[in-house]
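Structure first, commentary second.
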Amino acid sequence: MKIALVTDWYEPRIGGIELHLRDLAARLSTGGHDVTVVTPTPGNTVVDGIRIHRVHAPRAPVFGFLYTPAGIRALGQSLDEIGADVAHCHVSIVSPAALGGAAHAQELGIPTVLTFHSIVPRTGLLAAGARVALGTSRWRCVFTAVSARVARDVQPIAGSRRISLLPNGIDRAFWERDSVYAAGGLELLSVMRLNAKKRPGVLLDMMRFLRSASARVRLRIVGDGPLRALLERDIERHDLSHCVELLGHRSRAEISALLGESYAFVLPTLRESFGLAALEAACAGVPVVAMRASGVSEFIEHGVNGLLASSDRELASQVATLVDDVAQRQRLASADRASLARFDWSTVIDAHLATYREAIALRPKV
């Protein structure tokens, strides 16, 4: 099958959607499929053996997304040239390339799959606006989302059509391990892009709260982003440098090693559509503490393999309970992980291929 993966963001930019698409492209290619990534993100034309069609067009300053009609048309021309059997368009927070690519795919008669990856304020209102502007409820395409939380929020874009789930995938065998508790202190870990949506500042507030309860607690934050400089200043201002460390970008192997040293994984994001890093931690047997309103709650069961909070204060309090309650830490870490098998790439790839066949079946008969 010839597959075009259309995305506003791709490597060298690093984030959840970029890492997921890199893995998806690699898994599809390994399965014998012909994969091309179509994106306006500048960079190399081949990444890890996958062809990348970089659309050369003006991008919005600072934010970097495609914004001109000519740029959207150029992306449509790319799809026409590729001659894909299916166009899989990945919609993030601001995604003119993905939505514009899907519109052009529909005009060209290319079977189309839309996958929604993100949650933004007033997602439902924006989705309804996109339905009116683009006529998406009339598209012959398959609407999917990475989690039920996202599907509920973007439902207006599909009208009365069903939005099915197409989750992110992980290599369970890579992440699974026996958790080894670090000696001499309680190590916490968080992995996130350092931007406003992820709310990394909440982690510093949490550490100020925990510092008064236990001098043993340390937090390591993996990731980079526009808020790093601000976080560094706040760490210094609140005298947290002895217990909070910003590690920047780390490889998966390095993150796996860090998880093996950690008692808990903490994610304060409210608008977390899926929570890939939290899922990796859960597979590694590390208790996850996250927000109940996020997509993480779809694979973390409160009191079973992690803890879910309804407020920032509750998040800090729940982490504090793990500091004092060794038995609870061990019980959460030893929870059965069989329910996470549905996110293994072996299952997720089959779901993608079935979705592609569903989209192809919607093509008008000639």
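Chain lettering (A, B, ...) mirrors the order of the structure tokens, residue numbering begins at 1 for each chain separately, and ligand numbering begins at 1 in order of display.
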Can you build me a table of range 139-198 of chain A residues sitting at most 12 Å from range 274-291 of chain A, with the closest atom pair per residue and its distance in Å to one decimal, using only C-alpha atoms, sorted by chain and residue number, as a Markdown table?
| residue | atom | partner | partner_atom | distance |
| --- | --- | --- | --- | --- |
| A:Ala145 | CA | A:Phe274 | CA | 9.6 |
| A:Val146 | CA | A:Phe274 | CA | 6.4 |
| A:Ser147 | CA | A:Phe274 | CA | 6.0 |
| A:Ala148 | CA | A:Phe274 | CA | 9.1 |
| A:Arg149 | CA | A:Phe274 | CA | 8.4 |
| A:Val150 | CA | A:Phe274 | CA | 8.3 |
| A:Ala151 | CA | A:Phe274 | CA | 11.2 |
| A:Leu165 | CA | A:Phe274 | CA | 11.3 |
| A:Leu166 | CA | A:Phe274 | CA | 10.8 |
| A:Pro167 | CA | A:Phe274 | CA | 7.9 |
| A:Asn168 | CA | A:Leu276 | CA | 7.2 |
| A:Gly169 | CA | A:Leu276 | CA | 8.2 |
| A:Ile170 | CA | A:Glu280 | CA | 7.3 |
| A:Asp171 | CA | A:Glu280 | CA | 8.7 |
| A:Arg172 | CA | A:Cys283 | CA | 6.5 |
| A:Ala173 | CA | A:Cys283 | CA | 8.7 |
| A:Phe174 | CA | A:Ala284 | CA | 8.8 |
| A:Trp175 | CA | A:Ala284 | CA | 5.2 |
| A:Glu176 | CA | A:Ala284 | CA | 4.4 |
| A:Arg177 | CA | A:Ala284 | CA | 5.2 |
| A:Asp178 | CA | A:Gly285 | CA | 6.6 |
| A:Ser179 | CA | A:Gly285 | CA | 5.8 |
| A:Val180 | CA | A:Val286 | CA | 9.4 |
| A:Tyr181 | CA | A:Val286 | CA | 9.7 |
| A:Glu187 | CA | A:Val286 | CA | 11.1 |
| A:Leu188 | CA | A:Val286 | CA | 9.8 |
| A:Leu189 | CA | A:Ala281 | CA | 9.3 |
| A:Ser190 | CA | A:Ala277 | CA | 8.3 |
| A:Val191 | CA | A:Ala277 | CA | 6.2 |
| A:Met192 | CA | A:Ala277 | CA | 7.6 |
| A:Arg193 | CA | A:Ala277 | CA | 10.6 |
| A:Lys198 | CA | A:Gly275 | CA | 10.6 |
Taking N, CA and C atoms for each residue, export the selection above as an mmCIF file, in the first residue's frame.
data_model
loop_
_atom_site.group_PDB
_atom_site.id
_atom_site.type_symbol
_atom_site.label_atom_id
_atom_site.label_comp_id
_atom_site.auth_asym_id
_atom_site.auth_seq_id
_atom_site.Cartn_x
_atom_site.Cartn_y
_atom_site.Cartn_z
ATOM 1 N N ALA A 145 -9.352 9.469 16.458
ATOM 2 C CA ALA A 145 -8.688 10.264 17.488
ATOM 3 C C ALA A 145 -7.822 9.326 18.333
ATOM 4 N N VAL A 146 -6.799 9.895 18.973
ATOM 5 C CA VAL A 146 -5.865 9.070 19.733
ATOM 6 C C VAL A 146 -6.436 8.623 21.076
ATOM 7 N N SER A 147 -7.502 9.254 21.534
ATOM 8 C CA SER A 147 -8.119 8.862 22.803
ATOM 9 C C SER A 147 -9.591 9.243 22.783
ATOM 10 N N ALA A 148 -10.341 8.638 23.705
ATOM 11 C CA ALA A 148 -11.760 8.960 23.805
ATOM 12 C C ALA A 148 -11.965 10.412 24.210
ATOM 13 N N ARG A 149 -11.035 10.941 25.029
ATOM 14 C CA ARG A 149 -11.129 12.344 25.441
ATOM 15 C C ARG A 149 -11.070 13.258 24.221
ATOM 16 N N VAL A 150 -10.142 13.008 23.319
ATOM 17 C CA VAL A 150 -10.028 13.822 22.112
ATOM 18 C C VAL A 150 -11.248 13.619 21.217
ATOM 19 N N ALA A 151 -11.683 12.371 21.075
ATOM 20 C CA ALA A 151 -12.828 12.080 20.208
ATOM 21 C C ALA A 151 -14.067 12.854 20.647
ATOM 22 N N LEU A 165 -11.307 5.242 17.585
ATOM 23 C CA LEU A 165 -10.042 5.428 18.290
ATOM 24 C C LEU A 165 -8.896 4.776 17.517
ATOM 25 N N LEU A 166 -7.809 5.508 17.384
ATOM 26 C CA LEU A 166 -6.590 5.028 16.747
ATOM 27 C C LEU A 166 -5.431 5.513 17.620
ATOM 28 N N PRO A 167 -5.108 4.765 18.669
ATOM 29 C CA PRO A 167 -4.155 5.270 19.670
ATOM 30 C C PRO A 167 -2.719 5.281 19.179
ATOM 31 N N ASN A 168 -1.884 5.990 19.903
ATOM 32 C CA ASN A 168 -0.451 5.933 19.676
ATOM 33 C C ASN A 168 0.050 4.540 20.045
ATOM 34 N N GLY A 169 1.212 4.188 19.498
ATOM 35 C CA GLY A 169 1.764 2.868 19.763
ATOM 36 C C GLY A 169 3.075 2.938 20.525
ATOM 37 N N ILE A 170 3.400 1.848 21.216
ATOM 38 C CA ILE A 170 4.669 1.732 21.923
ATOM 39 C C ILE A 170 5.237 0.330 21.707
ATOM 40 N N ASP A 171 6.518 0.206 21.917
ATOM 41 C CA ASP A 171 7.200 -1.082 21.906
ATOM 42 C C ASP A 171 7.244 -1.574 23.352
ATOM 43 N N ARG A 172 6.262 -2.381 23.735
ATOM 44 C CA ARG A 172 6.168 -2.804 25.138
ATOM 45 C C ARG A 172 7.426 -3.529 25.601
ATOM 46 N N ALA A 173 7.973 -4.371 24.737
ATOM 47 C CA ALA A 173 9.147 -5.154 25.133
ATOM 48 C C ALA A 173 10.322 -4.250 25.483
ATOM 49 N N PHE A 174 10.424 -3.095 24.808
ATOM 50 C CA PHE A 174 11.520 -2.168 25.087
ATOM 51 C C PHE A 174 11.358 -1.527 26.463
ATOM 52 N N TRP A 175 10.125 -1.165 26.819
ATOM 53 C CA TRP A 175 9.901 -0.403 28.045
ATOM 54 C C TRP A 175 9.720 -1.276 29.277
ATOM 55 N N GLU A 176 9.233 -2.487 29.104
ATOM 56 C CA GLU A 176 8.960 -3.317 30.268
ATOM 57 C C GLU A 176 10.243 -3.696 30.994
ATOM 58 N N ARG A 177 10.221 -3.558 32.296
ATOM 59 C CA ARG A 177 11.378 -3.888 33.112
ATOM 60 C C ARG A 177 10.934 -3.930 34.571
ATOM 61 N N ASP A 178 11.749 -4.562 35.400
ATOM 62 C CA ASP A 178 11.494 -4.519 36.828
ATOM 63 C C ASP A 178 12.008 -3.195 37.355
ATOM 64 N N SER A 179 11.143 -2.455 38.029
ATOM 65 C CA SER A 179 11.543 -1.145 38.529
ATOM 66 C C SER A 179 12.564 -1.303 39.661
ATOM 67 N N VAL A 180 13.655 -0.579 39.574
ATOM 68 C CA VAL A 180 14.715 -0.619 40.587
ATOM 69 C C VAL A 180 14.730 0.717 41.303
ATOM 70 N N TYR A 181 14.380 0.716 42.588
ATOM 71 C CA TYR A 181 14.291 1.956 43.333
ATOM 72 C C TYR A 181 15.673 2.515 43.633
ATOM 73 N N GLU A 187 13.409 9.396 43.846
ATOM 74 C CA GLU A 187 13.559 10.007 42.527
ATOM 75 C C GLU A 187 12.214 10.065 41.813
ATOM 76 N N LEU A 188 11.831 11.261 41.393
ATOM 77 C CA LEU A 188 10.649 11.465 40.564
ATOM 78 C C LEU A 188 11.107 11.819 39.169
ATOM 79 N N LEU A 189 10.294 11.460 38.179
ATOM 80 C CA LEU A 189 10.639 11.746 36.786
ATOM 81 C C LEU A 189 9.440 12.320 36.062
ATOM 82 N N SER A 190 9.690 13.287 35.179
ATOM 83 C CA SER A 190 8.672 13.779 34.270
ATOM 84 C C SER A 190 9.310 13.946 32.896
ATOM 85 N N VAL A 191 8.559 13.619 31.858
ATOM 86 C CA VAL A 191 9.039 13.762 30.482
ATOM 87 C C VAL A 191 7.992 14.564 29.728
ATOM 88 N N MET A 192 8.384 15.714 29.206
ATOM 89 C CA MET A 192 7.418 16.584 28.532
ATOM 90 C C MET A 192 8.139 17.649 27.717
ATOM 91 N N ARG A 193 7.424 18.206 26.765
ATOM 92 C CA ARG A 193 7.905 19.403 26.080
ATOM 93 C C ARG A 193 7.660 20.582 27.010
ATOM 94 N N LYS A 198 1.838 22.056 28.558
ATOM 95 C CA LYS A 198 2.240 20.953 29.439
ATOM 96 C C LYS A 198 2.272 21.364 30.916
#
(request) Write out as a PyMOL selection string the residues lying within 12 Å of Ile221 in chain A, counting only C-alpha atoms and excluding same-chain residues fewer than 4 positions away. (result) chain A and resi 187-194+200-201+203-204+207+225+228+231-232+243-250+255+258-259+262+265-267+277
Close residues, Thr45 in chain A itself excluded, 12 Å, only C-alpha atoms, min 4 positions apart in chain, as a short mmCIF file (atom, residue, chain, number, x, y, z; two decimals) with C-alpha atoms, in the first residue's frame:
data_model
loop_
_atom_site.label_atom_id
_atom_site.label_comp_id
_atom_site.auth_asym_id
_atom_site.auth_seq_id
_atom_site.Cartn_x
_atom_site.Cartn_y
_atom_site.Cartn_z
CA TYR A 10 7.98 16.50 11.77
CA GLU A 11 11.65 16.01 12.57
CA PRO A 12 13.90 17.84 13.29
CA THR A 36 6.05 9.22 2.27
CA VAL A 37 5.75 11.92 4.92
CA VAL A 38 4.39 15.24 3.60
CA THR A 39 5.14 18.26 5.81
CA PRO A 40 6.05 21.96 5.66
CA THR A 41 8.65 21.46 8.43
CA GLY A 49 15.11 5.61 5.40
CA ILE A 50 11.67 7.28 5.04
CA ARG A 51 11.08 9.78 2.21
CA ILE A 52 10.08 13.21 3.46
CA HIS A 53 8.39 15.56 0.99
CA ARG A 54 9.11 19.01 2.43
CA VAL A 55 6.63 21.60 1.13
CA HIS A 56 8.51 24.85 0.54
#
(request) Quote the spacing between CA of Pro111 in chain A and CA of Ile360 in chain A in Å to one decimal place. (result)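 Distance reported for this atom pair: 5.1 Å.
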(message) Could you tell me how far CA of Asp324 in chain A sits from CA of Ser241 in chain A, in Å to one decimal place?
(response)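 Between CA of Ser241 in chain A and CA of Asp324 in chain A the gap is 22.7 Å.
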(message) For Ala105 in chain A, find every residue with an atom within 9 Å (counting only C-alpha atoms), except residues of its own chain fewer than 3 positions away, and show them as a PyMOL selection string.
(response) chain A and resi 76+79-80+86-87+100-102+108-112
May I have all residues of range 136-347 of chain A that DSSP, computed from the backbone, assigns to strand (DSSP E or B), given as a tab-separated table (two decimals) with C-alpha atoms, in the first residue's frame?
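The result, stored in result_33.tsv:
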chain	number	residue	atom	x	y	z
A	141	CYS	CA	-13.17	9.85	5.01
A	142	VAL	CA	-12.54	8.07	8.29
A	143	PHE	CA	-12.38	10.26	11.40
A	144	THR	CA	-10.20	8.97	14.24
A	145	ALA	CA	-8.69	10.26	17.49
A	164	SER	CA	-13.13	5.87	16.11
A	165	LEU	CA	-10.04	5.43	18.29
A	170	ILE	CA	4.67	1.73	21.92
A	186	LEU	CA	13.10	9.38	46.25
A	187	GLU	CA	13.56	10.01	42.53
A	188	LEU	CA	10.65	11.47	40.56
A	189	LEU	CA	10.64	11.75	36.79
A	190	SER	CA	8.67	13.78	34.27
A	191	VAL	CA	9.04	13.76	30.48
A	217	VAL	CA	12.69	14.02	47.14
A	218	ARG	CA	14.35	14.85	43.82
A	219	LEU	CA	12.73	15.57	40.45
A	220	ARG	CA	14.31	15.16	37.04
A	221	ILE	CA	12.54	16.68	34.03
A	222	VAL	CA	13.36	15.39	30.54
A	223	GLY	CA	12.50	17.63	27.62
A	244	VAL	CA	15.10	19.78	40.55
A	245	GLU	CA	17.19	19.02	37.48
A	246	LEU	CA	16.34	19.90	33.87
A	247	LEU	CA	17.91	17.22	31.69
A	248	GLY	CA	16.92	18.51	28.25
A	264	ALA	CA	7.08	7.71	40.30
A	265	PHE	CA	6.35	9.47	37.01
A	266	VAL	CA	4.51	12.79	37.34
A	267	LEU	CA	2.57	14.55	34.59
A	288	VAL	CA	2.12	7.34	37.29
A	289	VAL	CA	0.61	10.39	38.99
A	290	ALA	CA	-1.37	12.47	36.50
A	291	MET	CA	-4.48	14.60	36.07
A	302	HIS	CA	-6.54	5.26	40.19
A	306	GLY	CA	-1.10	5.01	39.47
A	307	LEU	CA	-2.90	7.95	41.03
A	308	LEU	CA	-5.17	10.53	39.39
A	309	ALA	CA	-5.67	14.07	40.67
A	344	ASP	CA	1.73	-2.37	21.50
(request) Provide the CA of Ala341 in chain A to CA of Gly260 in chain A distance in Å, to one decimal place. (result) 20.1 Å
(request) Choose the residue, out of A:Gln106, A:Leu210, A:Arg122, A:Ala60, that has the smallest atom-to-atom separation from Ala320 in chain A; count only C-alpha atoms. (result)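 Between A:Gln106, A:Leu210, A:Arg122, A:Ala60, the residue approaching Ala320 in chain A most closely is A:Leu210.
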